[in-house]
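**Q** Below are the structure tokens for one structure; questions will follow.
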2 protein chains.
Amino acid sequence: MKIVVAKEILKANDQVAVENQETFGRDGVCVVNVMASPGAGKTSTILATIERLLPDLKSGVIEGDIASTIDADKIAERGIPVVQINTGGTCHLDAPMIKGALPHLPLPDIDVLFIENVGNLICPTSYKLGAHMNLVIASVPEGWDKPYKYPGIFAAADVVLLNKADMIEVFEFDVAAFERGVRMVNPDVEIIHISCKTNEGLDAWTENLRTRVGEHLFAGRS
Amino acid sequence: MKIVVAKEILKANDQVAVENQETFGRDGVCVVNVMASPGAGKTSTILATIERLLPDLKSGVIEGDIASTIDADKIAERGIPVVQINTGGTCHLDAPMIKGALPHLPLPDIDVLFIENVGNLICPTSYKLGAHMNLVIASVPEGWDKPYKYPGIFAAADVVLLNKADMIEVFEFDVAAFERGVRMVNPDVEIIHISCKTNEGLDAWTENLRTRVGEHLFAGRS
């Protein structure tokens, strides 16, 4: 009985996710669902990426948090269109929340929309939003063992960024064990080391994203 | 309808939590529910605390993870009684999971039982386990803003440990803003800075816990 209810909720969510993706297609927006632990550096990475996508690709952001507008304020300060969703106690964003946010964004002027999901390595993977790619950000201080403990989110990733890579030695982070864990559940995923402090890897990641956005927009328009 | 189902689940959970607490009372066990983000240092803190509680207070551990036995293996290596619970996809432990683990622990020989919850700042707060205190571990690399973004878990804390405190300067962590955020939702909670790397604060925290355990055991026996 409980399982049936859960399935119905997920089915309803998926239908709205399809509607969201139709809206994105109509307006030529490529959408990135950004998932990570609390404090892994989602907002910093999004900001650094947006800067590097300019001037040819313009971005917008949907911020998901249990409470507060701290992240949305940081984005808005830079003049980037942003909507904050406060989920109350809910541990993930869902498609209806995204649908509700879209009228508040100038979609026709946005090429890339970043959806910053709630900081959580578990719940966000169960809810489709209508995004075109899943970006998972791990961070060095969390430790190398996260792919073994939270395999689902790494399995769902199109790209894995390892943030705070400037701290690899300080935290004695076992890169080989981390990457082996990621590849156990997602053999071909791209893993890129970045640091929002030293800027290491941010150009490489942005070029990777730029290629994906180009392919997506081309496909959408063909 | 959905809300009714959720309430029924929580009510059933709470009944089992009461049973668990009765079991703990019978065997004279003080139980600490340890909650934190992925990689905040739950296992390291538990291990460092267990060492400091010896020889007069003996500990046991229940490890909660989505997958893997990495943490339980670390505990077992030290000869400490431990049970691993793998929740599959579930983002928190619940009282029936704990009840199922108890027969595998030598409860009469254990004074302090640490329950390491799933790494998550949101879901664990909704499920009572039968514990006597909630320990929330924040860590410096996660950033000072966590209490503002995840107020529920900080509100539920009996003690907040700020781990990786040796990194406060490296990460330009705003201690005052962090503590203000914690006190906004939990004015009188004790906040102790610790580092499992430098051992800073671990003796102070263990003495705090030792006092609580003494009061608890005394109350339980009176």
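To be explicit about the labels: the chains of the structure tokens are called A, B, and onward in the order shown, and within each one the residues are counted from 1, while ligands get numbers from 1 in the order they are shown.
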Write out as a ChimeraX atom specification which residues come within 8 Å of region 20-36 of chain B when counting only C-alpha atoms, dropping same-chain ones fewer than 4 positions away.
**A** /B:16,40,42,95,98-99,107-108,110-121,124,129-138,213,216-217,220
**Q** With only C-alpha atoms considered, list every residue of chain B at most 10 Å from chain A, as a PDB file with N, CA and C atoms, in the first residue's frame.
**A**
ATOM      1  N   MET B   1      -4.447  12.339   2.281  1.00  0.00           N
ATOM      2  CA  MET B   1      -4.267  10.875   2.277  1.00  0.00           C
ATOM      3  C   MET B   1      -2.795  10.539   2.451  1.00  0.00           C
ATOM      4  N   LYS B   2      -1.956  11.202   1.631  1.00  0.00           N
ATOM      5  CA  LYS B   2      -0.520  10.973   1.745  1.00  0.00           C
ATOM      6  C   LYS B   2      -0.023  11.324   3.144  1.00  0.00           C
ATOM      7  N   VAL B   5      -0.804   8.678   5.751  1.00  0.00           N
ATOM      8  CA  VAL B   5       0.126   7.547   5.679  1.00  0.00           C
ATOM      9  C   VAL B   5       1.436   7.905   6.370  1.00  0.00           C
ATOM     10  N   ALA B   6       1.974   9.070   6.069  1.00  0.00           N
ATOM     11  CA  ALA B   6       3.246   9.489   6.663  1.00  0.00           C
ATOM     12  C   ALA B   6       3.126   9.546   8.185  1.00  0.00           C
ATOM     13  N   ILE B   9       3.161   6.079   9.683  1.00  0.00           N
ATOM     14  CA  ILE B   9       4.514   5.512   9.695  1.00  0.00           C
ATOM     15  C   ILE B   9       5.307   6.084  10.868  1.00  0.00           C
ATOM     16  N   ALA B  36      25.102  13.981  10.907  1.00  0.00           N
ATOM     17  CA  ALA B  36      26.014  14.917  10.229  1.00  0.00           C
ATOM     18  C   ALA B  36      25.892  14.741   8.730  1.00  0.00           C
ATOM     19  N   SER B  37      26.511  15.656   7.985  1.00  0.00           N
ATOM     20  CA  SER B  37      26.649  15.530   6.533  1.00  0.00           C
ATOM     21  C   SER B  37      27.546  14.348   6.194  1.00  0.00           C
ATOM     22  N   PRO B  38      27.517  13.888   4.943  1.00  0.00           N
ATOM     23  CA  PRO B  38      28.526  12.914   4.512  1.00  0.00           C
ATOM     24  C   PRO B  38      29.930  13.500   4.701  1.00  0.00           C
ATOM     25  N   GLY B  39      30.804  12.734   5.326  1.00  0.00           N
ATOM     26  CA  GLY B  39      32.199  13.159   5.410  1.00  0.00           C
ATOM     27  C   GLY B  39      32.507  14.212   6.453  1.00  0.00           C
ATOM     28  N   ALA B  40      31.584  14.471   7.377  1.00  0.00           N
ATOM     29  CA  ALA B  40      31.852  15.475   8.416  1.00  0.00           C
ATOM     30  C   ALA B  40      32.791  14.925   9.494  1.00  0.00           C
ATOM     31  N   GLY B  41      32.908  13.591   9.543  1.00  0.00           N
ATOM     32  CA  GLY B  41      33.817  12.987  10.522  1.00  0.00           C
ATOM     33  C   GLY B  41      33.102  12.235  11.634  1.00  0.00           C
ATOM     34  N   GLY B  64      25.065   3.233  10.321  1.00  0.00           N
ATOM     35  CA  GLY B  64      24.045   3.334   9.272  1.00  0.00           C
ATOM     36  C   GLY B  64      24.632   3.900   8.000  1.00  0.00           C
ATOM     37  N   ASP B  65      24.469   3.189   6.906  1.00  0.00           N
ATOM     38  CA  ASP B  65      24.919   3.675   5.603  1.00  0.00           C
ATOM     39  C   ASP B  65      23.977   3.160   4.530  1.00  0.00           C
ATOM     40  N   ILE B  66      23.908   3.881   3.436  1.00  0.00           N
ATOM     41  CA  ILE B  66      23.154   3.407   2.278  1.00  0.00           C
ATOM     42  C   ILE B  66      23.754   2.072   1.816  1.00  0.00           C
ATOM     43  N   ALA B  67      25.067   2.019   1.725  1.00  0.00           N
ATOM     44  CA  ALA B  67      25.771   0.832   1.243  1.00  0.00           C
ATOM     45  C   ALA B  67      27.155   0.792   1.874  1.00  0.00           C
ATOM     46  N   SER B  68      27.835  -0.355   1.761  1.00  0.00           N
ATOM     47  CA  SER B  68      29.216  -0.567   2.205  1.00  0.00           C
ATOM     48  C   SER B  68      29.328  -0.886   3.695  1.00  0.00           C
ATOM     49  N   THR B  69      30.481  -1.469   4.080  1.00  0.00           N
ATOM     50  CA  THR B  69      30.756  -1.730   5.500  1.00  0.00           C
ATOM     51  C   THR B  69      32.058  -1.034   5.902  1.00  0.00           C
ATOM     52  N   ILE B  70      32.418   0.024   5.171  1.00  0.00           N
ATOM     53  CA  ILE B  70      33.693   0.708   5.399  1.00  0.00           C
ATOM     54  C   ILE B  70      33.821   1.174   6.845  1.00  0.00           C
ATOM     55  N   ASP B  71      32.767   1.813   7.364  1.00  0.00           N
ATOM     56  CA  ASP B  71      32.843   2.365   8.715  1.00  0.00           C
ATOM     57  C   ASP B  71      32.826   1.262   9.774  1.00  0.00           C
ATOM     58  N   ASN B  86      22.756  -1.482   6.449  1.00  0.00           N
ATOM     59  CA  ASN B  86      22.720  -0.864   5.113  1.00  0.00           C
ATOM     60  C   ASN B  86      21.263  -0.600   4.776  1.00  0.00           C
ATOM     61  N   GLY B  88      19.934   0.461   2.037  1.00  0.00           N
ATOM     62  CA  GLY B  88      19.552   0.437   0.629  1.00  0.00           C
ATOM     63  C   GLY B  88      19.473   1.875   0.173  1.00  0.00           C
ATOM     64  N   GLY B  89      18.291   2.361  -0.195  1.00  0.00           N
ATOM     65  CA  GLY B  89      18.194   3.753  -0.638  1.00  0.00           C
ATOM     66  C   GLY B  89      17.708   4.695   0.439  1.00  0.00           C
ATOM     67  N   THR B  90      17.366   4.178   1.619  1.00  0.00           N
ATOM     68  CA  THR B  90      16.688   5.020   2.606  1.00  0.00           C
ATOM     69  C   THR B  90      17.669   5.998   3.261  1.00  0.00           C
ATOM     70  N   CYS B  91      17.210   7.252   3.427  1.00  0.00           N
ATOM     71  CA  CYS B  91      18.092   8.365   3.755  1.00  0.00           C
ATOM     72  C   CYS B  91      18.275   8.579   5.248  1.00  0.00           C
ATOM     73  N   HIS B  92      17.845   7.617   6.068  1.00  0.00           N
ATOM     74  CA  HIS B  92      17.915   7.793   7.524  1.00  0.00           C
ATOM     75  C   HIS B  92      17.769   6.420   8.158  1.00  0.00           C
ATOM     76  N   VAL B 118      22.740   7.832   8.924  1.00  0.00           N
ATOM     77  CA  VAL B 118      23.125   8.040   7.525  1.00  0.00           C
ATOM     78  C   VAL B 118      23.579   9.490   7.338  1.00  0.00           C
ATOM     79  N   GLY B 119      24.604   9.725   6.559  1.00  0.00           N
ATOM     80  CA  GLY B 119      25.137  11.066   6.323  1.00  0.00           C
ATOM     81  C   GLY B 119      24.124  11.933   5.609  1.00  0.00           C
ATOM     82  N   ASN B 120      23.494  12.851   6.341  1.00  0.00           N
ATOM     83  CA  ASN B 120      22.349  13.573   5.796  1.00  0.00           C
ATOM     84  C   ASN B 120      21.914  14.592   6.845  1.00  0.00           C
ATOM     85  N   LEU B 121      21.733  15.849   6.449  1.00  0.00           N
ATOM     86  CA  LEU B 121      21.348  16.882   7.419  1.00  0.00           C
ATOM     87  C   LEU B 121      19.842  17.072   7.528  1.00  0.00           C
ATOM     88  N   ILE B 122      19.078  16.242   6.841  1.00  0.00           N
ATOM     89  CA  ILE B 122      17.643  16.513   6.765  1.00  0.00           C
ATOM     90  C   ILE B 122      16.817  15.367   7.346  1.00  0.00           C
ATOM     91  N   CYS B 123      16.836  14.217   6.684  1.00  0.00           N
ATOM     92  CA  CYS B 123      15.889  13.136   6.983  1.00  0.00           C
ATOM     93  C   CYS B 123      16.030  12.537   8.388  1.00  0.00           C
ATOM     94  N   THR B 125      16.362  13.645  11.292  1.00  0.00           N
ATOM     95  CA  THR B 125      15.671  14.327  12.391  1.00  0.00           C
ATOM     96  C   THR B 125      14.221  13.877  12.552  1.00  0.00           C
ATOM     97  N   SER B 126      13.609  13.350  11.516  1.00  0.00           N
ATOM     98  CA  SER B 126      12.183  12.997  11.587  1.00  0.00           C
ATOM     99  C   SER B 126      11.920  11.654  12.244  1.00  0.00           C
ATOM    100  N   SER B 139      31.219  20.319  10.108  1.00  0.00           N
ATOM    101  CA  SER B 139      32.660  20.360   9.858  1.00  0.00           C
ATOM    102  C   SER B 139      33.011  21.617   9.078  1.00  0.00           C
ATOM    103  N   VAL B 140      34.182  22.156   9.393  1.00  0.00           N
ATOM    104  CA  VAL B 140      34.598  23.456   8.867  1.00  0.00           C
ATOM    105  C   VAL B 140      34.531  23.547   7.340  1.00  0.00           C
ATOM    106  N   PRO B 141      35.017  22.527   6.587  1.00  0.00           N
ATOM    107  CA  PRO B 141      34.998  22.687   5.126  1.00  0.00           C
ATOM    108  C   PRO B 141      33.595  22.827   4.531  1.00  0.00           C
ATOM    109  N   GLU B 142      32.574  22.416   5.259  1.00  0.00           N
ATOM    110  CA  GLU B 142      31.198  22.565   4.760  1.00  0.00           C
ATOM    111  C   GLU B 142      30.743  24.019   4.705  1.00  0.00           C
ATOM    112  N   GLY B 143      31.406  24.882   5.486  1.00  0.00           N
ATOM    113  CA  GLY B 143      31.016  26.295   5.484  1.00  0.00           C
ATOM    114  C   GLY B 143      30.171  26.670   6.682  1.00  0.00           C
ATOM    115  N   TRP B 144      30.194  27.956   7.011  1.00  0.00           N
ATOM    116  CA  TRP B 144      29.552  28.467   8.223  1.00  0.00           C
ATOM    117  C   TRP B 144      28.031  28.556   8.100  1.00  0.00           C
ATOM    118  N   ASP B 145      27.533  28.417   6.874  1.00  0.00           N
ATOM    119  CA  ASP B 145      26.113  28.733   6.650  1.00  0.00           C
ATOM    120  C   ASP B 145      25.164  27.563   6.886  1.00  0.00           C
ATOM    121  N   LYS B 146      25.689  26.416   7.268  1.00  0.00           N
ATOM    122  CA  LYS B 146      24.832  25.227   7.381  1.00  0.00           C
ATOM    123  C   LYS B 146      23.660  25.386   8.350  1.00  0.00           C
ATOM    124  N   PRO B 147      23.816  26.005   9.540  1.00  0.00           N
ATOM    125  CA  PRO B 147      22.663  26.143  10.431  1.00  0.00           C
ATOM    126  C   PRO B 147      21.521  26.957   9.819  1.00  0.00           C
ATOM    127  N   TYR B 148      21.852  27.875   8.921  1.00  0.00           N
ATOM    128  CA  TYR B 148      20.821  28.682   8.278  1.00  0.00           C
ATOM    129  C   TYR B 148      20.079  27.878   7.212  1.00  0.00           C
ATOM    130  N   LYS B 149      20.809  26.966   6.569  1.00  0.00           N
ATOM    131  CA  LYS B 149      20.215  26.184   5.479  1.00  0.00           C
ATOM    132  C   LYS B 149      19.531  24.912   5.966  1.00  0.00           C
ATOM    133  N   TYR B 150      19.999  24.372   7.087  1.00  0.00           N
ATOM    134  CA  TYR B 150      19.454  23.115   7.625  1.00  0.00           C
ATOM    135  C   TYR B 150      19.110  23.297   9.103  1.00  0.00           C
ATOM    136  N   PRO B 151      18.192  24.244   9.396  1.00  0.00           N
ATOM    137  CA  PRO B 151      17.946  24.580  10.804  1.00  0.00           C
ATOM    138  C   PRO B 151      17.412  23.409  11.627  1.00  0.00           C
ATOM    139  N   GLY B 152      16.651  22.523  11.011  1.00  0.00           N
ATOM    140  CA  GLY B 152      15.982  21.457  11.761  1.00  0.00           C
ATOM    141  C   GLY B 152      16.939  20.588  12.553  1.00  0.00           C
ATOM    142  N   LYS B 164      37.036  19.354  12.409  1.00  0.00           N
ATOM    143  CA  LYS B 164      38.049  19.879  11.473  1.00  0.00           C
ATOM    144  C   LYS B 164      38.345  21.355  11.807  1.00  0.00           C
ATOM    145  N   MET B 167      41.100  23.581  10.549  1.00  0.00           N
ATOM    146  CA  MET B 167      41.009  24.154   9.205  1.00  0.00           C
ATOM    147  C   MET B 167      40.265  25.498   9.171  1.00  0.00           C
ATOM    148  N   VAL B 170      42.279  28.101   7.186  1.00  0.00           N
ATOM    149  CA  VAL B 170      42.456  27.679   5.785  1.00  0.00           C
ATOM    150  C   VAL B 170      41.172  27.924   4.989  1.00  0.00           C
ATOM    151  N   PHE B 171      40.042  27.611   5.591  1.00  0.00           N
ATOM    152  CA  PHE B 171      38.769  27.743   4.881  1.00  0.00           C
ATOM    153  C   PHE B 171      38.074  29.080   5.163  1.00  0.00           C
ATOM    154  N   LYS B 197      42.096  15.342  13.865  1.00  0.00           N
ATOM    155  CA  LYS B 197      43.470  15.289  13.368  1.00  0.00           C
ATOM    156  C   LYS B 197      44.444  15.772  14.444  1.00  0.00           C
TER     157      LYS B 197
END
**Q** For CA of Leu162 (chain A) and CA of Arg183 (chain A), determine how far apart the two atoms are, in Å to one decimal place.
**A**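 Taking CA of Leu162 (chain A) and CA of Arg183 (chain A), their separation equals 13.7 Å.
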**Q** So, counting only C-alpha atoms, which residue among B:Lys11, B:Lys74, B:Arg52, B:His193 is closest to Leu209 (chain B)?
**A**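 The closest residue to Leu209 (chain B) is B:Arg52.
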**Q** Any chance you could list, as a PyMOL selection string, the residues in region 86-156 of chain B that come up helix (DSSP H, G or I) when DSSP is run on the backbone?
**A** chain B and resi 95-104+107-109+123-126+140-142+146-149+151-155
**Q** Which of region 13-68 of chain B end up as strand (DSSP E) when DSSP is run on this backbone - answer as a tab-separated table (two decimals) with N, CA, C and O atoms, in the first residue's frame?
**A**
chain	number	residue	atom	x	y	z
B	30	CYS	N	23.51	4.05	27.66
B	30	CYS	CA	23.21	5.43	27.27
B	30	CYS	C	23.47	5.55	25.76
B	30	CYS	O	24.54	5.18	25.28
B	31	VAL	N	22.49	6.05	25.03
B	31	VAL	CA	22.54	5.96	23.57
B	31	VAL	C	22.62	7.35	22.92
B	31	VAL	O	21.83	8.24	23.22
B	32	VAL	N	23.61	7.51	22.04
B	32	VAL	CA	23.87	8.78	21.36
B	32	VAL	C	23.58	8.61	19.88
B	32	VAL	O	24.19	7.78	19.20
B	33	ASN	N	22.65	9.41	19.35
B	33	ASN	CA	22.32	9.42	17.92
B	33	ASN	C	23.21	10.47	17.24
B	33	ASN	O	23.08	11.66	17.48
B	34	VAL	N	24.13	10.01	16.40
B	34	VAL	CA	25.13	10.90	15.79
B	34	VAL	C	24.69	11.26	14.36
B	34	VAL	O	24.57	10.39	13.51
B	35	MET	N	24.48	12.54	14.13
B	35	MET	CA	23.97	12.99	12.82
B	35	MET	C	24.90	14.05	12.23
B	35	MET	O	25.42	14.90	12.94
B	36	ALA	N	25.10	13.98	10.91
B	36	ALA	CA	26.01	14.92	10.23
B	36	ALA	C	25.89	14.74	8.73
B	36	ALA	O	25.29	13.78	8.25
B	59	SER	N	31.99	1.02	25.04
B	59	SER	CA	31.07	1.47	24.00
B	59	SER	C	30.76	0.38	22.99
B	59	SER	O	31.48	-0.61	22.86
B	60	GLY	N	29.68	0.60	22.27
B	60	GLY	CA	29.32	-0.19	21.09
B	60	GLY	C	28.83	0.77	20.03
B	60	GLY	O	28.58	1.95	20.32
B	61	VAL	N	28.71	0.30	18.80
B	61	VAL	CA	28.35	1.18	17.69
B	61	VAL	C	27.35	0.49	16.76
B	61	VAL	O	27.48	-0.70	16.47
B	62	ILE	N	26.35	1.25	16.31
B	62	ILE	CA	25.53	0.83	15.17
B	62	ILE	C	25.84	1.79	14.03
B	62	ILE	O	25.74	3.01	14.20
B	63	GLU	N	26.26	1.25	12.90
B	63	GLU	CA	26.64	2.06	11.74
B	63	GLU	C	25.51	2.06	10.72
B	63	GLU	O	25.08	0.98	10.28
B	64	GLY	N	25.07	3.23	10.32
B	64	GLY	CA	24.04	3.33	9.27
B	64	GLY	C	24.63	3.90	8.00
B	64	GLY	O	25.25	4.97	8.03
B	65	ASP	N	24.47	3.19	6.91
B	65	ASP	CA	24.92	3.67	5.60
B	65	ASP	C	23.98	3.16	4.53
B	65	ASP	O	23.35	2.12	4.70
**Q** In Å, with one decimal, what is the gap from CA of Arg78 (chain B) to CA of Cys196 (chain B)?
**A**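 For CA of Arg78 (chain B) relative to CA of Cys196 (chain B), the distance reads 16.5 Å.
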**Q** Could you check how far CA of Leu105 (chain A) sits from CA of Gln84 (chain A), in Å to one decimal?
**A**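 Rounded to one decimal, the two atoms are 10.9 Å apart.
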**Q** Taking only C-alpha atoms into account, which of A:Thr211, A:Thr49, A:Gln15, A:Ser44 comes nearest Asp94 (chain A)?
**A**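 Using only C-alpha atoms, Asp94 (chain A) sits closest to A:Gln15.
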**Q** Could you check which of B:Ile168, B:Ile75, B:Met184, B:Leu202 is closest to Ala48 (chain B), using only C-alpha atoms?
**A**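 Among the listed residues, the smallest separation from Ala48 (chain B) belongs to B:Leu202.
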**Q** Of the residues B:Ile50, B:Ala17, B:Leu57, B:Ala156, which is the one nearest to Gly100 (chain B), using only C-alpha atoms?
**A**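 Of the candidates, the smallest distance to Gly100 (chain B) is held by B:Ala17.
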